[in-house]
Structures are given as structure tokens and as C-alpha cells.
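**Q** This is the structure, below, for whatever I ask next.
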Amino acid sequence: MPCGQPDSGAAPARYVLGVDVGSTVVKCHVYDRAAAVRGSSCRKVESLYPHPGWVELDPEVLWSQFIGVIKEAVQAAGLHMRQIAGLGISTQRGTFITWHKRTGKPFHNFISWQDLRSAELVNSWNNSLLLKVIHVIFTVLHFLTGNDRYLAPSFLTFSTHQTSMKLSWVFKNIHEAEEAAKKNNCCFGTVDTWLLYRLTKGSVYATDYSNASSTGIFEPFMKCWNPTLCNLLSIPMSVYPPVKDTSFNFGSTDSEIFGVPIPIMAVVADQQSAMFGECCFHPGDVKLTMGTGGFWNVNTGEHLFASRGSLYPLIGWKIGEEVVYLTEGSISDIGTSIKWAQDIELFTNVDETAEMAQSIADSQGVCFIPGLQASGYDPYLCASFMGLKPSTNRNHLVRAMLESVAFRNKLLYDIIVKKVHIPLRTIRADGGVSNNSFVMQMTSDLINKKIEKPANADMSSLGAAFLAGLASGFWTDKEQLKKLRRIEAVFEPQKDSEEYRPAMDAWLQAMKHSPHW
């Protein structure tokens with residue numbers, strides 16, 4: 001709804017834009033100084049599936065959607081582009097493109113983080129003698145020095161979600177990209193880098209620390225692109241963009257795009273952006289995002305924790321001299337499976353699902369095995385229901401799907417408590433699935449902690465806007481941002497987690513039968 005008309009003449013800059021380019025939608029929100037949304041627009045991301053297991057995005061379609069949501073959101077707010085103080089861009093992580101440095105022409109579509117084309121390459125490397133030798137060398141170095149920067153390489157394992165293997169695939173299979181790279185004419189960019197390049201008509205080529213650290217090619221301890229890994233995978237170092245602060249003046253959009261130049265004041269990876277939007281600024285603050293996938297992030301402050309197995313270190317953001325590190329654990333297949341259930345008409349509206357689950361005492365022994373969204377470590381995993389009976393109805397199926405989200409939250413939370421040696425403080429949830437009261441309450445019960453849910457679940461957009469607002473002087477500091485937080489609900493434990501034990505044990509048993517299907 002319009003909230004006012006643009007002034008005649010020079011209008012004062014009083015708003016910031018937060019754009020989130022996610023895996024399923026592109027959203028833009030216009031925020032005022034109270035961080036209230038004054039106008040919004042949303043468009044669905046159209047993924048392409050040219051071959052089994054391949055997932056791509058058309059760069060021109062994505063560009064059109066990005067520009068479209070900005071124009072529509074500003075118009076919906078009843079504003080003029082002159083009133084925009086800054087633009088913050090949050091993007092899905094690990095999705096990338098390569099293009100020719102001189103012509104700007106892409107060598108291929110965006111290759112999504114969900115893409116499985118590198119599965120054979122991943123399996124080959126993970127089973128290679130060379131990787132075993134690397135493990136031994138870095139294990140010895142870690143033992144001798146006690147330096148944690150040697151810990152992560154000591155158990156390095158590749159997955160299809162990582163950018164590194166897919167980029168290696170590009171240079172092995174796309175001749176034009178390989179030739180351009182040999183002549184230093186190939187540019188690599190995640191979504192943020194490519195948007196910056198297009199918005200400035202080629203004058204800005206950069207990324208930020210959060211996006212760089214999410215590729216798996218960037219060395220978070222040394223804060224540089226990893227030359228050892230690139231040599232190992234035959235990826236030329238010349239293809240990478242310079243890495244800038246997260247909250248930073250990247251330049252302005254070309255005036256032809258929106259009629260006036262708009263300052264680009266932040267680019268940030270989506271999960272890190274949601275962390276910032278939730279104001280998880282202190283060590284021990286925890287953010288739980290439940291969207292297409294699920295992500296638990298813990299602020300570890302100035303300490304970078306390398307952990308074996310389910311957790312991995314990331315750079316949260318860099319603002320001036322401040323570098324904040326995160327530890328992350330992820331869960332695939334949350335929003336994806338719920339969307340699939342809606343598509344096959346298990347329910348009409350997603351808002352019904354909590355009530356459906358609560359309408360029955362239990363799932364009657366039905367277990368849902370996630371696997372619709374490919375796992376980076378088991379690309380052959382398939383989704384399935386186990387324990388179906390003649391009496392099973394759609395309520396049991398929906399409850400089983402929602403329970404699987406809460407059970408996986410519990411498993412990952414327990415790993416975090418065990419591995420991350422920082423007292424956990426607040427837990428704040430966001431993402432579309434955080435609107436489901438059944439999942440939220442069951443997760444709270446299982447982990448025996450209270451979970452806050454903000455009034456606005458679009459935290460990635462808000463985080464990008466916060467970062468842009470700080471860089472432009474729209475907001476003064478993080479203390480001011482904390483005062484702008486609005487909590488809609490707090491879920492506190494109501495049941496003893498042991499009450500869920502039989503159902504969770506049955507689900508764990510079902511999960512053991514599902515790998516490598």
C-alpha cells in the first residue's frame with residue numbers, strides 16, 4: 001500500500017532498501033528509520049533443470065526480477081528513487097557464474113548451490129589417495145603447532161554444495177571459460193558479485209567476506225582465496241574478485257537503471273544477513289533459519305572454530321576492523337518438502353499444517369525421511385514415508401513431515417552444544433517455517449530452550465538493510481538497531497523432551513534404512 005507521495009523537487013533520502021535474492025523468491029522491502037516496512041515486492045525464482053541433477057538460473061531473468069522488485073517496492077511505498085539513502089543486497093550462497101572480463105558475456109547460466117553435476121568429481125576426490133595424504137599432513141601440522149587453521153584441512157571432505165568442485169567442473173568442461181582464464185579474461189562471481197557488476201555497468205567487481213567465506217574456496221583464517229585448494233583443483237587464482245567489507249560503499253547504481261544513482265552500501269550472504277537482522281551481535285547468540293533449508297548459526301565472536309563433521313566456520317561480517325566469525329550447521333529439505341506436500345494437495349494453505357499436526361496425538365508411527373532437496377554428502381538420498389498403515393491419513397503425513405524438522409533441529413543443536421565451547425545465549429528463529437507454531441513449540445520442547453520469533457520473518461532483507469543503513473549513516477550503531485527489534489512470539493518449553501523419545505527413536509531407526517538409496 002502506498003504510504004505517501006514523493007515530494008516535488010529534491011526529496012530527502014529517508015529510506016533504505018533491503019533485497020534478498022533467495023533460492024525460491026527475490027524480495028525487496030523498503031524500510032523507514034523505525035525499520036518498519038513501507039513497501040514490498042516479491043517475484044518467484046525460476047530454476048532451470050537442463051539435465052538430471054543440474055540446477056541453473058538464467059542470469060538475464062534474475063537481473064530482470066532483481067530490478068523489477070526494487071522498482072515495484074519503491075512504487076508500492078509511494079516514494080521516489082531520490083528518497084532512497086542506500087541499497088543492501090542479500091544473496092543465496094554458493095550459486096555462481098563466470099563471464100568474459102572484456103565483453104561481460106557469461107560463459108554459462110548461474111550454477112545453483114543445489115546443482116549435482118560435480119557428484120562424480122566429488123566422489124572421486126573424497127576416495128582419492130591424495131586427499132588421504134593431505135589429511136595426514138595437516139593432522140601432523142595441527143598436532144605439532146596446535147594451530148586451528150590446520151584442523152579443517154585435516155578432515156577436508158568435498159560436497160556437491162561447495163562452489164569449488166563445480167568451478168573445477170566449469171574449467172574442465174567449458175572450453176571458452178578455460179581459454180579466457182588462461183588469458184586472465186575470466187571473471188568468477190557469486191550472485192552478489194554479478195549484480196554489483198551489472199548495477200555499475202562493469203565498473204565495480206567485488207564481493208564481501210561473508211559471501212567469499214561461503215564458497216568453500218576462501219580461507220577464513222587467513223582471509224584470502226585459498227591458493228592451495230585452487231592449485232589442487234586446477235582453478236586459476238586470477239578469476240576471483242577483490243574482497244571488501246560487508247557494510248561498505250561499493251559505489252552507486254548506474255543512473256540509467258533507476259533514473260537516479262542509488263548508493264550500494266552492503267552486500268552480504270543470506271544466512272549471515274539473517275544473523276545480522278536478528279541482532280545476534282554477541283558471542284553465543286544463536287540464529288535458526290528455517291526456509292528452503294535449515295541453518296543454525298552461532299556467533300563465535302573473534303574466534304574461528306573449526307570442527308569435524310556437521311559444523312563449519314564462516315565469516316559472519318566484516319565492518320572496518322571488526323571481523324565476526326560464525327559456526328554453522330545446516331539441514332537440507334525443510335521448506336522444499338512442505339512445498340511438495342502442498343503441490344500434491346496434502347493441504348491447501350501452509351497455515352493449516354500446524355493445526356493439522358496438533359489435531360492428532362501422534363503420527364501413528366509414520367516417519368518422513370527428507371531427501372527432496374539433494375544432500376551434498378549423499379546425492380542419491382531419496383525422500384520417503386515409512387510406517388504407512390491403512391489408517392494413515394493426511395494429518396499423519398503432515399505431522400510426520402513437521403516432526404522431522406524438529407527432530408533434525410534437536411540433533412544439530414546437540415552437536416552445537418557439544419562442539420562449540422561458548423555458552424549459548426538467545427535463540428532467534430526466522431524464515432517461512434518459523435511461522436509454524438507446531439515446529440517452533442516442538443523444537444523448543446526438544447532442546448529445552450526458549451526461542452524468540454520476530455514480527456517480520458524476512459530477516460535476510462532486514463539484515464542487508466541494517467548493514468546498508470549503518471554504512472550510509474541512516475542508523476548510527478548496533479545499539480540503535482537492537483532497539484528496533486520487534487518480537488512477535490516467544491516459545492518456551494512446555495513438555496519434557498523424553499515425551500518425544502519413542503517417536504524420535506522410531507524416526508532415527510527409519511533414517512538408518514534410508515542412505516544411499
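Residue numbering restarts at 1 for every chain of the C-alpha cells, chains are lettered A, B, ... in their displayed order, and ligands are numbered from 1 as they appear.
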Just want the 12 Å neighbourhood of region 469-472 of chain A, counted on only C-alpha atoms, with same-chain residues fewer than 6 positions away dropped. Output as a VMD selection string.

**A** chain A and resid 13 to 18 30 to 35 84 to 89 245 to 251 262 to 267 276 to 277 318 to 320 462 to 463 478 to 481

**Q** From a DSSP pass on the backbone, collect the residues of region 136-279 of chain A flagged as helix (DSSP H, G or I) and hand them back as an mmCIF file with C-alpha atoms, in the first residue's frame.

**A**
data_model
loop_
_atom_site.group_PDB
_atom_site.id
_atom_site.type_symbol
_atom_site.label_atom_id
_atom_site.label_comp_id
_atom_site.auth_asym_id
_atom_site.auth_seq_id
_atom_site.Cartn_x
_atom_site.Cartn_y
_atom_site.Cartn_z
ATOM 1 C CA VAL A 136 47.724 -36.943 7.339
ATOM 2 C CA ILE A 137 49.934 -33.909 6.635
ATOM 3 C CA PHE A 138 47.539 -31.415 8.216
ATOM 4 C CA THR A 139 46.767 -33.709 11.162
ATOM 5 C CA VAL A 140 50.506 -33.768 11.939
ATOM 6 C CA LEU A 141 50.786 -29.980 11.484
ATOM 7 C CA HIS A 142 47.834 -29.434 13.818
ATOM 8 C CA PHE A 143 49.340 -31.795 16.403
ATOM 9 C CA LEU A 144 52.741 -30.086 16.273
ATOM 10 C CA THR A 145 51.556 -26.472 16.229
ATOM 11 C CA ASP A 148 43.394 -24.405 14.419
ATOM 12 C CA ARG A 149 43.960 -23.251 10.844
ATOM 13 C CA TYR A 150 45.396 -26.740 10.199
ATOM 14 C CA LEU A 151 42.403 -28.511 11.741
ATOM 15 C CA ALA A 152 39.859 -28.019 8.924
ATOM 16 C CA PRO A 153 42.170 -29.341 6.140
ATOM 17 C CA SER A 154 42.944 -32.385 8.323
ATOM 18 C CA THR A 163 31.430 -23.975 -5.149
ATOM 19 C CA SER A 164 34.970 -25.321 -5.548
ATOM 20 C CA MET A 165 34.072 -28.608 -7.251
ATOM 21 C CA LYS A 166 31.530 -27.037 -9.599
ATOM 22 C CA LEU A 167 34.012 -24.319 -10.577
ATOM 23 C CA SER A 168 36.580 -27.026 -11.258
ATOM 24 C CA TRP A 169 33.930 -28.734 -13.420
ATOM 25 C CA VAL A 170 33.448 -25.487 -15.399
ATOM 26 C CA PHE A 171 37.125 -25.253 -16.310
ATOM 27 C CA LYS A 172 37.209 -28.928 -17.278
ATOM 28 C CA ASN A 173 34.063 -28.814 -19.422
ATOM 29 C CA HIS A 175 36.306 -24.570 -23.245
ATOM 30 C CA GLU A 176 35.585 -20.834 -23.612
ATOM 31 C CA ALA A 177 35.901 -20.289 -19.849
ATOM 32 C CA GLU A 178 39.140 -22.287 -19.714
ATOM 33 C CA GLU A 179 40.669 -20.301 -22.604
ATOM 34 C CA ALA A 180 39.598 -16.945 -21.144
ATOM 35 C CA ALA A 181 41.084 -17.888 -17.770
ATOM 36 C CA LYS A 182 44.428 -18.671 -19.403
ATOM 37 C CA VAL A 191 25.226 -13.695 -7.221
ATOM 38 C CA ASP A 192 26.274 -10.585 -5.274
ATOM 39 C CA THR A 193 29.384 -10.019 -7.396
ATOM 40 C CA TRP A 194 27.498 -10.353 -10.669
ATOM 41 C CA LEU A 195 24.728 -7.990 -9.510
ATOM 42 C CA LEU A 196 27.319 -5.405 -8.434
ATOM 43 C CA TYR A 197 28.971 -5.732 -11.849
ATOM 44 C CA ARG A 198 25.663 -5.255 -13.680
ATOM 45 C CA LEU A 199 24.354 -2.454 -11.452
ATOM 46 C CA TYR A 209 33.827 -11.516 3.273
ATOM 47 C CA SER A 210 30.557 -13.290 4.122
ATOM 48 C CA ASN A 211 29.914 -14.369 0.534
ATOM 49 C CA ALA A 212 33.553 -15.264 -0.107
ATOM 50 C CA SER A 213 33.772 -17.452 3.016
ATOM 51 C CA PRO A 227 45.819 -20.911 -3.272
ATOM 52 C CA THR A 228 46.479 -24.483 -2.074
ATOM 53 C CA LEU A 229 42.943 -25.613 -2.847
ATOM 54 C CA CYS A 230 42.950 -23.807 -6.200
ATOM 55 C CA ASN A 231 46.226 -25.465 -7.228
ATOM 56 C CA LEU A 232 44.806 -28.805 -6.154
ATOM 57 C CA LEU A 233 41.682 -28.356 -8.300
ATOM 58 C CA MET A 237 43.684 -17.610 -8.969
ATOM 59 C CA SER A 238 43.176 -14.776 -11.470
ATOM 60 C CA VAL A 239 39.419 -15.404 -11.701
ATOM 61 C CA SER A 255 21.702 6.315 -13.249
ATOM 62 C CA GLU A 256 20.101 4.810 -16.371
ATOM 63 C CA ILE A 257 18.795 1.803 -14.374
ATOM 64 C CA PHE A 258 16.575 3.591 -11.822
ATOM 65 C CA ASP A 270 21.776 -14.601 3.159
ATOM 66 C CA GLN A 271 22.362 -16.579 6.368
ATOM 67 C CA GLN A 272 24.874 -14.069 7.682
ATOM 68 C CA SER A 273 22.430 -11.309 6.746
ATOM 69 C CA ALA A 274 19.637 -13.002 8.703
ATOM 70 C CA MET A 275 22.033 -13.262 11.669
ATOM 71 C CA PHE A 276 22.641 -9.513 11.477
ATOM 72 C CA GLY A 277 18.930 -8.791 11.035
#

**Q** I want to know what sits within 10 Å of Lys482 (chain A), based on only C-alpha atoms, with residues of the same chain fewer than 4 positions away left out; could you give that as an MDAnalysis selection string?

**A** chainID A and resid 277:281 477:478 486

**Q** Store the residues of this selection in a file with C-alpha atoms, as a PDB file, in the first residue's frame.

**A**
ATOM      1  CA  GLY A 277      18.930  -8.791  11.035  1.00  0.00           C
ATOM      2  CA  GLU A 278      18.203 -10.787  14.207  1.00  0.00           C
ATOM      3  CA  CYS A 279      20.773  -8.590  16.031  1.00  0.00           C
ATOM      4  CA  CYS A 280      22.823 -11.657  17.011  1.00  0.00           C
ATOM      5  CA  PHE A 281      25.813  -9.413  17.659  1.00  0.00           C
ATOM      6  CA  ASP A 477      25.251   1.916  15.512  1.00  0.00           C
ATOM      7  CA  LYS A 478      24.229  -1.602  16.544  1.00  0.00           C
ATOM      8  CA  ARG A 486      10.185  -6.472  17.305  1.00  0.00           C
TER       9      ARG A 486
END

**Q** Quick one: residues within 10 Å of region 312-314 of chain A, only C-alpha atoms, excluding same-chain residues fewer than 2 positions away - as a ChimeraX atom specification?

**A** /A:152,209-216,218-221,272,297-300,303-310,316-317,324-330

**Q** Just how far from CA of Val61 (chain A) is CA of Leu79 (chain A), in Å to one decimal?

**A**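 Going from CA of Leu79 (chain A) over to CA of Val61 (chain A), I get 25.4 Å.
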
**Q** Applying 10 Å and only C-alpha atoms, which residues near Asn436 (chain A) remain after dropping the ones on its own chain fewer than 4 positions away? List them as a list in words.

**A**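 Contacts, with the query itself left out: Met290, Val350, Asp351, Glu352, Thr353, Ala354, Glu355, Leu402, Gly432, Met440 and Gln441 of chain A.
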
**Q** Include all heavy atoms and write out the residues we just selected as an mmCIF file, in the first residue's frame.

**A**
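Written file, result07.cif:
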data_model
loop_
_atom_site.group_PDB
_atom_site.id
_atom_site.type_symbol
_atom_site.label_atom_id
_atom_site.label_comp_id
_atom_site.auth_asym_id
_atom_site.auth_seq_id
_atom_site.Cartn_x
_atom_site.Cartn_y
_atom_site.Cartn_z
ATOM 1 N N MET A 290 14.688 -21.317 9.169
ATOM 2 C CA MET A 290 14.003 -22.447 8.556
ATOM 3 C C MET A 290 13.274 -21.954 7.310
ATOM 4 O O MET A 290 12.174 -21.392 7.389
ATOM 5 C CB MET A 290 13.027 -23.087 9.552
ATOM 6 C CG MET A 290 13.717 -23.761 10.725
ATOM 7 S SD MET A 290 12.578 -24.568 11.873
ATOM 8 C CE MET A 290 11.867 -23.135 12.702
ATOM 9 N N VAL A 350 -0.442 -23.400 3.615
ATOM 10 C CA VAL A 350 0.603 -23.822 4.554
ATOM 11 C C VAL A 350 0.239 -23.469 6.005
ATOM 12 O O VAL A 350 0.697 -24.122 6.953
ATOM 13 C CB VAL A 350 1.964 -23.208 4.148
ATOM 14 C CG1 VAL A 350 2.013 -21.712 4.442
ATOM 15 C CG2 VAL A 350 3.121 -23.926 4.809
ATOM 16 N N ASP A 351 -0.611 -22.458 6.184
ATOM 17 C CA ASP A 351 -1.022 -22.069 7.541
ATOM 18 C C ASP A 351 -1.840 -23.155 8.231
ATOM 19 O O ASP A 351 -1.989 -23.148 9.457
ATOM 20 C CB ASP A 351 -1.843 -20.772 7.487
ATOM 21 C CG ASP A 351 -1.021 -19.585 6.991
ATOM 22 O OD1 ASP A 351 0.219 -19.646 7.111
ATOM 23 O OD2 ASP A 351 -1.604 -18.618 6.477
ATOM 24 N N GLU A 352 -2.398 -24.094 7.445
ATOM 25 C CA GLU A 352 -3.208 -25.179 8.013
ATOM 26 C C GLU A 352 -2.365 -26.245 8.710
ATOM 27 O O GLU A 352 -2.880 -27.015 9.531
ATOM 28 C CB GLU A 352 -4.006 -25.898 6.913
ATOM 29 C CG GLU A 352 -4.918 -25.037 6.073
ATOM 30 C CD GLU A 352 -5.391 -25.799 4.829
ATOM 31 O OE1 GLU A 352 -5.461 -27.050 4.871
ATOM 32 O OE2 GLU A 352 -5.688 -25.148 3.822
ATOM 33 N N THR A 353 -1.088 -26.332 8.367
ATOM 34 C CA THR A 353 -0.299 -27.512 8.741
ATOM 35 C C THR A 353 -0.116 -27.672 10.248
ATOM 36 O O THR A 353 -0.160 -28.788 10.766
ATOM 37 C CB THR A 353 1.079 -27.485 8.051
ATOM 38 O OG1 THR A 353 1.756 -26.262 8.383
ATOM 39 C CG2 THR A 353 0.925 -27.583 6.533
ATOM 40 N N ALA A 354 0.079 -26.560 10.959
ATOM 41 C CA ALA A 354 0.253 -26.657 12.422
ATOM 42 C C ALA A 354 -1.018 -27.218 13.063
ATOM 43 O O ALA A 354 -0.961 -28.098 13.924
ATOM 44 C CB ALA A 354 0.602 -25.290 13.009
ATOM 45 N N GLU A 355 -2.164 -26.720 12.615
ATOM 46 C CA GLU A 355 -3.443 -27.190 13.156
ATOM 47 C C GLU A 355 -3.676 -28.668 12.819
ATOM 48 O O GLU A 355 -4.174 -29.437 13.653
ATOM 49 C CB GLU A 355 -4.585 -26.332 12.594
ATOM 50 C CG GLU A 355 -5.910 -26.562 13.283
ATOM 51 C CD GLU A 355 -6.993 -25.623 12.773
ATOM 52 O OE1 GLU A 355 -6.665 -24.487 12.378
ATOM 53 O OE2 GLU A 355 -8.161 -26.044 12.761
ATOM 54 N N LEU A 402 6.483 -32.430 9.683
ATOM 55 C CA LEU A 402 6.851 -31.358 10.617
ATOM 56 C C LEU A 402 7.722 -31.889 11.755
ATOM 57 O O LEU A 402 8.664 -31.217 12.196
ATOM 58 C CB LEU A 402 5.601 -30.680 11.170
ATOM 59 C CG LEU A 402 4.681 -30.002 10.139
ATOM 60 C CD1 LEU A 402 3.516 -29.308 10.837
ATOM 61 C CD2 LEU A 402 5.437 -29.012 9.268
ATOM 62 N N GLY A 432 10.393 -18.771 6.587
ATOM 63 C CA GLY A 432 8.966 -19.070 6.442
ATOM 64 C C GLY A 432 8.446 -20.131 7.388
ATOM 65 O O GLY A 432 7.323 -20.022 7.920
ATOM 66 N N MET A 440 7.887 -24.850 15.899
ATOM 67 C CA MET A 440 8.572 -23.994 16.873
ATOM 68 C C MET A 440 8.422 -24.542 18.291
ATOM 69 O O MET A 440 9.397 -24.619 19.048
ATOM 70 C CB MET A 440 8.018 -22.576 16.781
ATOM 71 C CG MET A 440 8.379 -21.857 15.491
ATOM 72 S SD MET A 440 10.125 -21.383 15.416
ATOM 73 C CE MET A 440 10.133 -20.021 16.562
ATOM 74 N N GLN A 441 7.195 -24.932 18.667
ATOM 75 C CA GLN A 441 6.974 -25.427 20.027
ATOM 76 C C GLN A 441 7.690 -26.754 20.248
ATOM 77 O O GLN A 441 8.316 -26.968 21.291
ATOM 78 C CB GLN A 441 5.477 -25.597 20.294
ATOM 79 C CG GLN A 441 5.179 -25.969 21.745
ATOM 80 C CD GLN A 441 5.697 -24.935 22.719
ATOM 81 O OE1 GLN A 441 5.343 -23.754 22.650
ATOM 82 N NE2 GLN A 441 6.568 -25.351 23.644
#

**Q** Given only C-alpha atoms as the basis, pick out the residue of A:Ala77, A:Pro493, A:Ala119, A:Glu321 nearest to Arg38 (chain A).

**A**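 Looking at the shortest contact to Arg38 (chain A), the residue is A:Ala77.
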
**Q** Would you please work out which residue, of A:Phe368, A:Ala457, A:Lys389, A:Leu288, is nearest to Lys410 (chain A) when using only C-alpha atoms?

**A**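 Of A:Phe368, A:Ala457, A:Lys389, A:Leu288, the one nearest Lys410 (chain A), counting only C-alpha atoms, is A:Leu288.
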
**Q** Tell me, in Å to one decimal, how far CA of Ala455 (chain A) is from CA of Asn349 (chain A).

**A**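 Taking CA of Ala455 (chain A) and CA of Asn349 (chain A), their separation equals 20.3 Å.
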
**Q** Based on DSSP run over this structure's backbone, return all residues of region 322-441 of chain A in strand (DSSP E), as an MDAnalysis selection string.

**A** chainID A and resid 322:331 367:369 384:386 427:430

**Q** Just to be explicit: take each residue in the selection above, keep N, CA and C atoms, and write the result as a PDB file, in the first residue's frame.

**A**
ATOM      1  N   GLU A 322      36.376  -4.712  12.672  1.00  0.00           N
ATOM      2  CA  GLU A 322      35.633  -5.801  13.314  1.00  0.00           C
ATOM      3  C   GLU A 322      35.375  -6.949  12.330  1.00  0.00           C
ATOM      4  N   VAL A 323      35.835  -8.140  12.701  1.00  0.00           N
ATOM      5  CA  VAL A 323      35.519  -9.355  11.945  1.00  0.00           C
ATOM      6  C   VAL A 323      34.802 -10.300  12.906  1.00  0.00           C
ATOM      7  N   VAL A 324      33.573 -10.678  12.561  1.00  0.00           N
ATOM      8  CA  VAL A 324      32.789 -11.579  13.397  1.00  0.00           C
ATOM      9  C   VAL A 324      32.694 -12.934  12.721  1.00  0.00           C
ATOM     10  N   TYR A 325      33.042 -13.979  13.468  1.00  0.00           N
ATOM     11  CA  TYR A 325      33.001 -15.343  12.929  1.00  0.00           C
ATOM     12  C   TYR A 325      31.750 -16.076  13.409  1.00  0.00           C
ATOM     13  N   LEU A 326      31.319 -17.019  12.600  1.00  0.00           N
ATOM     14  CA  LEU A 326      30.176 -17.859  12.930  1.00  0.00           C
ATOM     15  C   LEU A 326      30.557 -19.322  12.796  1.00  0.00           C
ATOM     16  N   THR A 327      29.862 -20.167  13.526  1.00  0.00           N
ATOM     17  CA  THR A 327      29.882 -21.609  13.263  1.00  0.00           C
ATOM     18  C   THR A 327      28.494 -21.962  12.758  1.00  0.00           C
ATOM     19  N   GLU A 328      28.441 -22.753  11.686  1.00  0.00           N
ATOM     20  CA  GLU A 328      27.155 -23.075  11.063  1.00  0.00           C
ATOM     21  C   GLU A 328      26.961 -24.570  10.915  1.00  0.00           C
ATOM     22  N   GLY A 329      25.722 -24.998  11.096  1.00  0.00           N
ATOM     23  CA  GLY A 329      25.296 -26.346  10.763  1.00  0.00           C
ATOM     24  C   GLY A 329      24.047 -26.231   9.922  1.00  0.00           C
ATOM     25  N   SER A 330      23.894 -27.110   8.944  1.00  0.00           N
ATOM     26  CA  SER A 330      22.750 -26.971   8.030  1.00  0.00           C
ATOM     27  C   SER A 330      21.925 -28.243   7.944  1.00  0.00           C
ATOM     28  N   ILE A 331      20.661 -28.048   7.589  1.00  0.00           N
ATOM     29  CA  ILE A 331      19.697 -29.128   7.394  1.00  0.00           C
ATOM     30  C   ILE A 331      19.072 -28.921   6.020  1.00  0.00           C
ATOM     31  N   CYS A 367       6.881 -42.083   9.698  1.00  0.00           N
ATOM     32  CA  CYS A 367       8.111 -41.281   9.725  1.00  0.00           C
ATOM     33  C   CYS A 367       8.386 -40.729   8.331  1.00  0.00           C
ATOM     34  N   PHE A 368       8.801 -39.465   8.279  1.00  0.00           N
ATOM     35  CA  PHE A 368       9.171 -38.853   6.997  1.00  0.00           C
ATOM     36  C   PHE A 368      10.681 -38.767   6.898  1.00  0.00           C
ATOM     37  N   ILE A 369      11.225 -39.312   5.819  1.00  0.00           N
ATOM     38  CA  ILE A 369      12.669 -39.251   5.547  1.00  0.00           C
ATOM     39  C   ILE A 369      12.902 -38.157   4.516  1.00  0.00           C
ATOM     40  N   SER A 384      11.144 -40.247   1.552  1.00  0.00           N
ATOM     41  CA  SER A 384      10.204 -41.365   1.659  1.00  0.00           C
ATOM     42  C   SER A 384       9.413 -41.269   2.955  1.00  0.00           C
ATOM     43  N   PHE A 385       8.259 -41.931   2.965  1.00  0.00           N
ATOM     44  CA  PHE A 385       7.498 -42.146   4.192  1.00  0.00           C
ATOM     45  C   PHE A 385       7.669 -43.597   4.599  1.00  0.00           C
ATOM     46  N   MET A 386       7.844 -43.832   5.887  1.00  0.00           N
ATOM     47  CA  MET A 386       7.892 -45.195   6.414  1.00  0.00           C
ATOM     48  C   MET A 386       6.838 -45.340   7.516  1.00  0.00           C
ATOM     49  N   ILE A 427      18.239 -17.659  21.427  1.00  0.00           N
ATOM     50  CA  ILE A 427      17.993 -18.377  20.171  1.00  0.00           C
ATOM     51  C   ILE A 427      16.850 -17.659  19.476  1.00  0.00           C
ATOM     52  N   ARG A 428      17.120 -17.208  18.253  1.00  0.00           N
ATOM     53  CA  ARG A 428      16.137 -16.437  17.498  1.00  0.00           C
ATOM     54  C   ARG A 428      15.882 -17.119  16.160  1.00  0.00           C
ATOM     55  N   ALA A 429      14.617 -17.311  15.837  1.00  0.00           N
ATOM     56  CA  ALA A 429      14.241 -18.048  14.628  1.00  0.00           C
ATOM     57  C   ALA A 429      13.691 -17.108  13.564  1.00  0.00           C
ATOM     58  N   ASP A 430      13.895 -17.474  12.307  1.00  0.00           N
ATOM     59  CA  ASP A 430      13.308 -16.722  11.194  1.00  0.00           C
ATOM     60  C   ASP A 430      13.105 -17.679  10.017  1.00  0.00           C
TER      61      ASP A 430
END
